[in-house]
Structures are given as structure tokens and as C-alpha cells.
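K.L.:
Just so it is clear, I am handing over start22.cif, which has mmCIF, C-alpha atoms.
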data_query
#
loop_
_atom_site.label_atom_id
_atom_site.label_comp_id
_atom_site.auth_asym_id
_atom_site.auth_seq_id
_atom_site.Cartn_x
_atom_site.Cartn_y
_atom_site.Cartn_z
CA MET A 7 99.01 102.42 114.28
CA PHE A 8 101.76 104.20 116.15
CA HIS A 9 102.93 107.73 115.42
CA SER A 10 106.41 109.07 115.87
CA ARG A 11 106.95 112.73 116.75
CA LEU A 12 109.10 113.26 113.66
CA ALA A 13 106.56 111.61 111.36
CA SER A 14 103.73 113.63 112.91
CA ARG A 15 105.60 116.85 112.18
CA ARG A 16 106.02 115.77 108.58
CA GLY A 17 102.38 114.74 108.30
CA THR A 18 103.08 111.03 107.72
CA ARG A 19 102.09 107.98 109.70
CA VAL A 20 104.65 105.48 110.85
CA GLY A 21 103.18 102.04 111.41
CA PHE A 22 104.34 98.74 112.75
CA ARG A 23 103.11 95.52 111.16
CA ARG A 24 100.41 94.02 113.27
CA ARG A 25 100.48 90.27 113.62
CA THR A 26 98.73 87.98 116.02
CA ARG A 27 100.10 84.74 117.35
CA ARG A 28 97.97 81.65 116.74
CA GLU A 29 99.21 78.14 117.36
CA GLY A 30 102.79 79.36 117.41
CA ALA A 31 102.67 80.85 113.90
CA MET A 32 102.38 84.45 112.80
CA THR A 33 99.00 85.21 111.23
CA MET A 34 98.43 87.83 108.54
CA VAL A 35 96.06 90.66 109.49
CA ILE A 36 94.24 93.36 107.55
CA GLU A 37 96.57 96.30 106.88
CA ALA A 38 97.46 98.65 104.03
CA ASP A 39 98.36 97.01 100.71
CA LYS A 40 96.71 93.69 101.62
CA VAL A 41 93.81 92.16 99.75
CA ALA A 42 91.01 91.44 102.22
CA THR A 43 88.00 89.24 101.55
CA VAL A 44 85.03 89.56 103.90
CA HIS A 45 81.43 88.54 104.33
CA TYR A 46 79.33 91.40 105.67
CA THR A 47 75.86 92.61 106.48
CA GLY A 48 75.11 96.32 106.61
CA THR A 49 72.06 97.55 108.51
CA PHE A 50 70.52 100.82 109.57
CA PRO A 51 70.34 101.35 113.38
CA GLU A 52 66.72 100.12 113.48
CA GLY A 53 67.86 96.80 111.95
CA LYS A 54 66.78 97.06 108.29
CA VAL A 55 69.40 95.44 106.02
CA PHE A 56 70.66 97.77 103.26
CA ASP A 57 73.33 95.42 101.83
CA THR A 58 74.77 91.99 102.49
CA SER A 59 77.05 89.40 100.93
CA GLU A 60 74.87 86.63 102.37
CA GLY A 61 74.06 84.18 99.59
CA ARG A 62 76.65 85.83 97.31
CA ASP A 63 80.40 85.84 96.90
CA PRO A 64 82.26 87.69 99.65
CA LEU A 65 83.53 91.23 99.11
CA THR A 66 87.20 91.56 98.11
CA PHE A 67 89.07 94.87 98.34
CA LEU A 68 92.55 96.37 98.34
CA VAL A 69 93.15 97.93 101.76
CA GLY A 70 94.30 101.55 101.84
CA HIS A 71 93.40 102.39 98.22
CA GLN A 72 90.06 104.17 98.74
CA GLN A 73 87.96 101.25 97.58
CA MET A 74 86.03 101.19 100.83
CA VAL A 75 84.56 103.84 103.09
CA ALA A 76 87.45 104.93 105.32
CA GLY A 77 85.57 104.16 108.55
CA PHE A 78 84.92 100.58 107.40
CA GLU A 79 88.61 100.02 106.67
CA ASP A 80 89.65 101.66 109.97
CA GLU A 81 87.39 99.30 111.91
CA MET A 82 88.80 96.23 110.11
CA LEU A 83 92.51 97.05 110.53
CA GLY A 84 94.28 94.37 112.54
CA ALA A 85 91.59 91.70 112.01
CA ALA A 86 92.72 88.16 111.14
CA VAL A 87 91.05 85.43 109.07
CA GLY A 88 88.06 84.03 110.93
CA GLU A 89 87.66 87.13 113.08
CA LYS A 90 84.20 88.72 113.34
CA ARG A 91 83.65 92.38 114.09
CA GLU A 92 80.58 94.54 114.59
CA PHE A 93 80.71 98.33 114.45
CA THR A 94 78.68 101.46 113.78
CA LEU A 95 79.75 104.25 111.42
CA THR A 96 78.35 107.75 111.90
CA PRO A 97 77.83 109.78 108.70
CA GLU A 98 81.18 111.56 109.01
CA ARG A 99 82.95 108.15 109.05
CA ALA A 100 80.80 106.75 106.23
CA TYR A 101 79.39 108.76 103.31
CA GLY A 102 79.32 112.20 104.94
CA GLU A 103 76.43 114.47 105.82
CA ARG A 104 73.86 115.44 103.21
CA ASP A 105 74.72 118.63 101.34
CA ASP A 106 71.70 120.74 100.39
CA GLY A 107 73.86 122.41 97.73
CA ALA A 108 74.10 119.06 95.93
CA VAL A 109 70.36 119.21 95.13
CA GLN A 110 69.68 121.14 91.92
CA VAL A 111 66.67 122.02 89.80
CA VAL A 112 67.41 121.40 86.11
CA PRO A 113 65.20 122.45 83.16
CA ARG A 114 63.42 119.35 81.84
CA GLU A 115 64.55 120.04 78.26
CA GLN A 116 68.16 119.34 79.32
CA PHE A 117 67.27 115.65 79.63
CA PRO A 118 67.11 113.47 76.50
CA GLU A 119 63.53 112.81 75.40
CA GLU A 120 64.11 109.05 75.47
CA MET A 121 65.34 109.13 79.09
CA GLU A 122 62.79 107.60 81.44
CA LEU A 123 62.31 110.10 84.26
CA GLU A 124 61.01 108.63 87.49
CA VAL A 125 61.29 109.88 91.08
CA GLY A 126 63.82 107.76 92.97
CA ARG A 127 65.55 106.55 89.82
CA THR A 128 69.36 106.69 89.82
CA GLU A 129 71.19 107.88 86.71
CA ARG A 130 74.73 108.76 85.68
CA VAL A 131 75.98 111.79 83.80
CA GLN A 132 79.39 112.16 82.20
CA THR A 133 81.30 115.26 83.36
CA GLU A 134 84.80 116.59 82.70
CA GLN A 135 85.82 114.95 86.01
CA GLY A 136 84.31 111.59 85.01
CA PRO A 137 80.95 109.90 85.65
CA LEU A 138 78.72 111.36 88.33
CA GLN A 139 75.72 109.58 89.86
CA PHE A 140 72.51 111.36 90.82
CA SER A 141 68.98 110.46 91.83
CA ILE A 142 65.78 112.09 90.66
CA ALA A 143 64.09 113.75 93.64
CA ALA A 144 61.11 115.49 91.94
CA ILE A 145 59.63 116.06 88.49
CA THR A 146 57.37 118.86 87.22
CA GLU A 147 56.30 119.86 83.71
CA GLU A 148 59.18 122.37 83.53
CA SER A 149 61.96 120.91 85.68
CA VAL A 150 63.62 117.90 87.27
CA THR A 151 65.12 118.10 90.76
CA VAL A 152 68.31 116.03 90.92
CA ASP A 153 70.24 115.02 94.02
CA PHE A 154 74.00 114.46 93.71
CA ASN A 155 74.36 113.33 97.35
CA HIS A 156 75.39 109.71 97.86
CA PRO A 157 72.24 107.71 98.72
CA MET A 158 73.79 106.84 102.11
CA ALA A 159 74.84 110.42 102.95
CA GLY A 160 73.61 111.49 106.37
CA LYS A 161 72.96 107.94 107.53
CA THR A 162 74.40 105.99 110.44
CA LEU A 163 75.40 102.48 109.31
CA ARG A 164 76.00 99.30 111.29
CA PHE A 165 78.11 96.41 110.02
CA ALA A 166 78.68 92.80 111.01
CA VAL A 167 81.80 91.54 109.21
CA GLU A 168 83.69 88.24 109.08
CA VAL A 169 87.17 88.04 107.57
CA VAL A 170 87.34 85.18 105.05
CA ASP A 171 90.81 85.68 103.55
CA ILE A 172 93.80 88.02 103.58
CA ARG A 173 96.70 87.97 101.16
CA ASP A 174 99.52 90.20 99.97
CA ALA A 175 98.54 92.34 96.99
CA ALA A 176 100.38 91.62 93.76
CA PRO A 177 102.61 94.44 92.44
CA GLU A 178 100.23 94.94 89.50
CA GLU A 179 97.27 95.31 91.88
CA LEU A 180 99.15 97.93 93.89
CA SER A 181 100.11 99.89 90.77
CA HIS A 182 96.53 99.76 89.43
CA GLY A 183 94.94 100.47 92.82
CA HIS A 184 92.46 97.58 92.71
CA VAL A 185 92.18 93.81 93.09
CA HIS A 186 92.52 91.54 90.05
CA GLY A 187 91.06 88.07 89.59
CA PRO A 188 88.15 86.52 91.50
CA GLY A 189 86.21 89.17 93.39
CA GLY A 190 88.20 91.92 91.67
CA HIS A 191 88.71 93.72 88.38
CA HIS A 192 89.26 91.90 85.09
CA HIS A 193 91.22 93.69 82.38
#
As C-alpha cells, please, write out the structure in this file.
P.N.:
Amino acid sequence: MFHSRLASRRGTRVGFRRRTRREGAMTMVIEADKVATVHYTGTFPEGKVFDTSEGRDPLTFLVGHQQMVAGFEDEMLGAAVGEKREFTLTPERAYGERDDGAVQVVPREQFPEEMELEVGRTERVQTEQGPLQFSIAAITEESVTVDFNHPMAGKTLRFAVEVVDIRDAAPEELSHGHVHGPGGHHH
């Protein structure tokens, strides 16, 4: 992505379409407002797999619409169909550092009696800002310690990714901010 001095002063990015030449034809690459479909494997630095599309449908996402961790998208920009990339994301480029302030002790009576409380269990709570996910970190007779950090916060993540398909996003997908159809959202 190139920057112009004028655009930098205004706080906007000016980009040129990236295309690669293959067999004399222009090839589409991953860039903003494209729908990208990828196979991936995510591992921790020591090699343990935390997520993969292996044996499943590939992952489809709308580029530049906050559907993916920004660092993942940044690493995939400019990739063409068939291209494979490997990269490592530090916490600040993935899910951020852990925030000790996001761990709270809540009186046990604030949880519904029928709710199964178990350390490590992930739950959702509805707030004025929408749904919020948390995990249960500890349980005592009087309280439940909940952790609102993303489960991957503070972790370095490695990815091996292969681009399966790239296409232009439909106007409706752009206005809704997500992919429709196979691998996407169904209304």
C-alpha cells in the first residue's frame, strides 16, 4: 500500500490495486472489499494446533471489514489464488495483551440457579452494547471469577494459509459488511 503526502496529512490511505501477472493475464489478489477463501492452520509457537480448516470447508471472509484479526488480513494482502503464506502474529497484531482489569469477581447469586458453573466454561451475557463473551476462571461458595479477555489474548499465533479463491464482493455484501452464500452469512 502506498501513501501520498496529502493523504497522510488527511489521515487516509491511498492504495494502488495490486495485481500479479500469470500466463499473460492479470490475476486477482486479496485486497479490501474482496471476498477471500482460504484454508489455514493456526498453531502456537511450540507447534500445538489451536484451529484449522483441515477436513472442513475453507474459511471465507470479506477483506477490510473487521471480520478477521487485522494482522491476519495484513499478512494476506496481495496474495493470489494458490499462494501459500506462513506468518507469526504477536499479541498486539492478534487479540491484544491480556488486561487484568477484564477479570472480575461477581457474587454467585448474580448467576441464574440453572446455569451450570464450571471453571474454563465459556458463556455469553447480553449487555447494552450487545453480547459479551466471558470464561469462568474460579468458583467459590460466595463468588465467581469471570474473565472477559479473549481466550487468545496475550498469545503469539502462527499461521499457515493457502488462498483457495478470491472474488469481488457483491454490493449487498459490502453494505452488510459480511459474506453471503456458501461460507458466509445466510439471511
K.L.:
Please write as an NGL selection string the full residue list that the PyMOL selection byres ((chain A and resi 60) around 8) yields on this file.
P.N.:
:A and (45-47 or 58-59 or 61-64)
K.L.:
Leaving out region 65-81 of chain A and any residue of its chain fewer than 3 positions from it, which residues lie within 6 Å of it when counting only C-alpha atoms, given as number ranges by chain?
P.N.:
A: 38-44, 99-100, 183-185, 189
K.L.:
Give me the result of the PyMOL selection byres ((chain A and resi 161) around 8) on this file, residue by residue, as a PDB file with C-alpha atoms, in the frame of the given file.
P.N.:
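The new file expr02.pdb reads:
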ATOM      1  CA  PHE A  50      70.520 100.820 109.570  1.00  0.00           C
ATOM      2  CA  THR A  96      78.350 107.750 111.900  1.00  0.00           C
ATOM      3  CA  PRO A  97      77.830 109.780 108.700  1.00  0.00           C
ATOM      4  CA  TYR A 101      79.390 108.760 103.310  1.00  0.00           C
ATOM      5  CA  GLU A 103      76.430 114.470 105.820  1.00  0.00           C
ATOM      6  CA  MET A 158      73.790 106.840 102.110  1.00  0.00           C
ATOM      7  CA  ALA A 159      74.840 110.420 102.950  1.00  0.00           C
ATOM      8  CA  GLY A 160      73.610 111.490 106.370  1.00  0.00           C
ATOM      9  CA  THR A 162      74.400 105.990 110.440  1.00  0.00           C
ATOM     10  CA  LEU A 163      75.400 102.480 109.310  1.00  0.00           C
TER      11      LEU A 163
END
K.L.:
Could you tell me which residues the PyMOL selection byres ((chain A and resi 140) around 9) grabs in this file, written as a ChimeraX atom specification?
P.N.:
/A:127-131,138-139,141-142,152-157
K.L.:
Keeping only C-alpha atoms, write those residues as an mmCIF file, in the coordinates of the input.
P.N.:
data_model
loop_
_atom_site.group_PDB
_atom_site.id
_atom_site.type_symbol
_atom_site.label_atom_id
_atom_site.label_comp_id
_atom_site.auth_asym_id
_atom_site.auth_seq_id
_atom_site.Cartn_x
_atom_site.Cartn_y
_atom_site.Cartn_z
ATOM 1 C CA ARG A 127 65.550 106.550 89.820
ATOM 2 C CA THR A 128 69.360 106.690 89.820
ATOM 3 C CA GLU A 129 71.190 107.880 86.710
ATOM 4 C CA ARG A 130 74.730 108.760 85.680
ATOM 5 C CA VAL A 131 75.980 111.790 83.800
ATOM 6 C CA LEU A 138 78.720 111.360 88.330
ATOM 7 C CA GLN A 139 75.720 109.580 89.860
ATOM 8 C CA SER A 141 68.980 110.460 91.830
ATOM 9 C CA ILE A 142 65.780 112.090 90.660
ATOM 10 C CA VAL A 152 68.310 116.030 90.920
ATOM 11 C CA ASP A 153 70.240 115.020 94.020
ATOM 12 C CA PHE A 154 74.000 114.460 93.710
ATOM 13 C CA ASN A 155 74.360 113.330 97.350
ATOM 14 C CA HIS A 156 75.390 109.710 97.860
ATOM 15 C CA PRO A 157 72.240 107.710 98.720
#
K.L.:
Looking at only C-alpha atoms, which of A:Leu180, A:Met82, A:Leu95, A:Met32 is the one that sits closest to Pro51 (chain A)?
P.N.:
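Checking each candidate against Pro51 (chain A), we get A:Leu95 as the closest.
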K.L.:
Expressed in Å to a single decimal, how great is the separation between CA of Ile172 (chain A) and CA of Ala85 (chain A)?
P.N.:
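Separating CA of Ile172 (chain A) from CA of Ala85 (chain A) is a distance of 9.5 Å.
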K.L.:
Looking at all atoms listed in the file, which of A:Glu178, A:Asp105, A:Val167, A:Met34 is the one that sits closest to Gly84 (chain A)?
P.N.:
A:Met34
K.L.:
Excluding Ala166 (chain A) and residues on its chain fewer than 6 positions from it, collect all residues at most 8 Å away from it, counting only C-alpha atoms, and give them as an mmCIF file with C-alpha atoms, in the coordinates of the input.
P.N.:
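Contents of out-v6.cif, freshly written:
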data_model
loop_
_atom_site.group_PDB
_atom_site.id
_atom_site.type_symbol
_atom_site.label_atom_id
_atom_site.label_comp_id
_atom_site.auth_asym_id
_atom_site.auth_seq_id
_atom_site.Cartn_x
_atom_site.Cartn_y
_atom_site.Cartn_z
ATOM 1 C CA TYR A 46 79.330 91.400 105.670
ATOM 2 C CA THR A 47 75.860 92.610 106.480
ATOM 3 C CA GLY A 48 75.110 96.320 106.610
ATOM 4 C CA LYS A 90 84.200 88.720 113.340
ATOM 5 C CA ARG A 91 83.650 92.380 114.090
ATOM 6 C CA GLU A 92 80.580 94.540 114.590
ATOM 7 C CA PHE A 93 80.710 98.330 114.450
#
K.L.:
Quick check, in Å to one decimal: how far apart do CA of Thr33 (chain A) and CA of Val87 (chain A) lie?
P.N.:
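Answer for the CA of Thr33 (chain A) to CA of Val87 (chain A) separation: 8.2 Å.
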K.L.:
So how far away is CA of His182 (chain A) from CA of Gln132 (chain A), in Å?
P.N.:
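Separating CA of Gln132 (chain A) from CA of His182 (chain A) is a distance of 22.4 Å.
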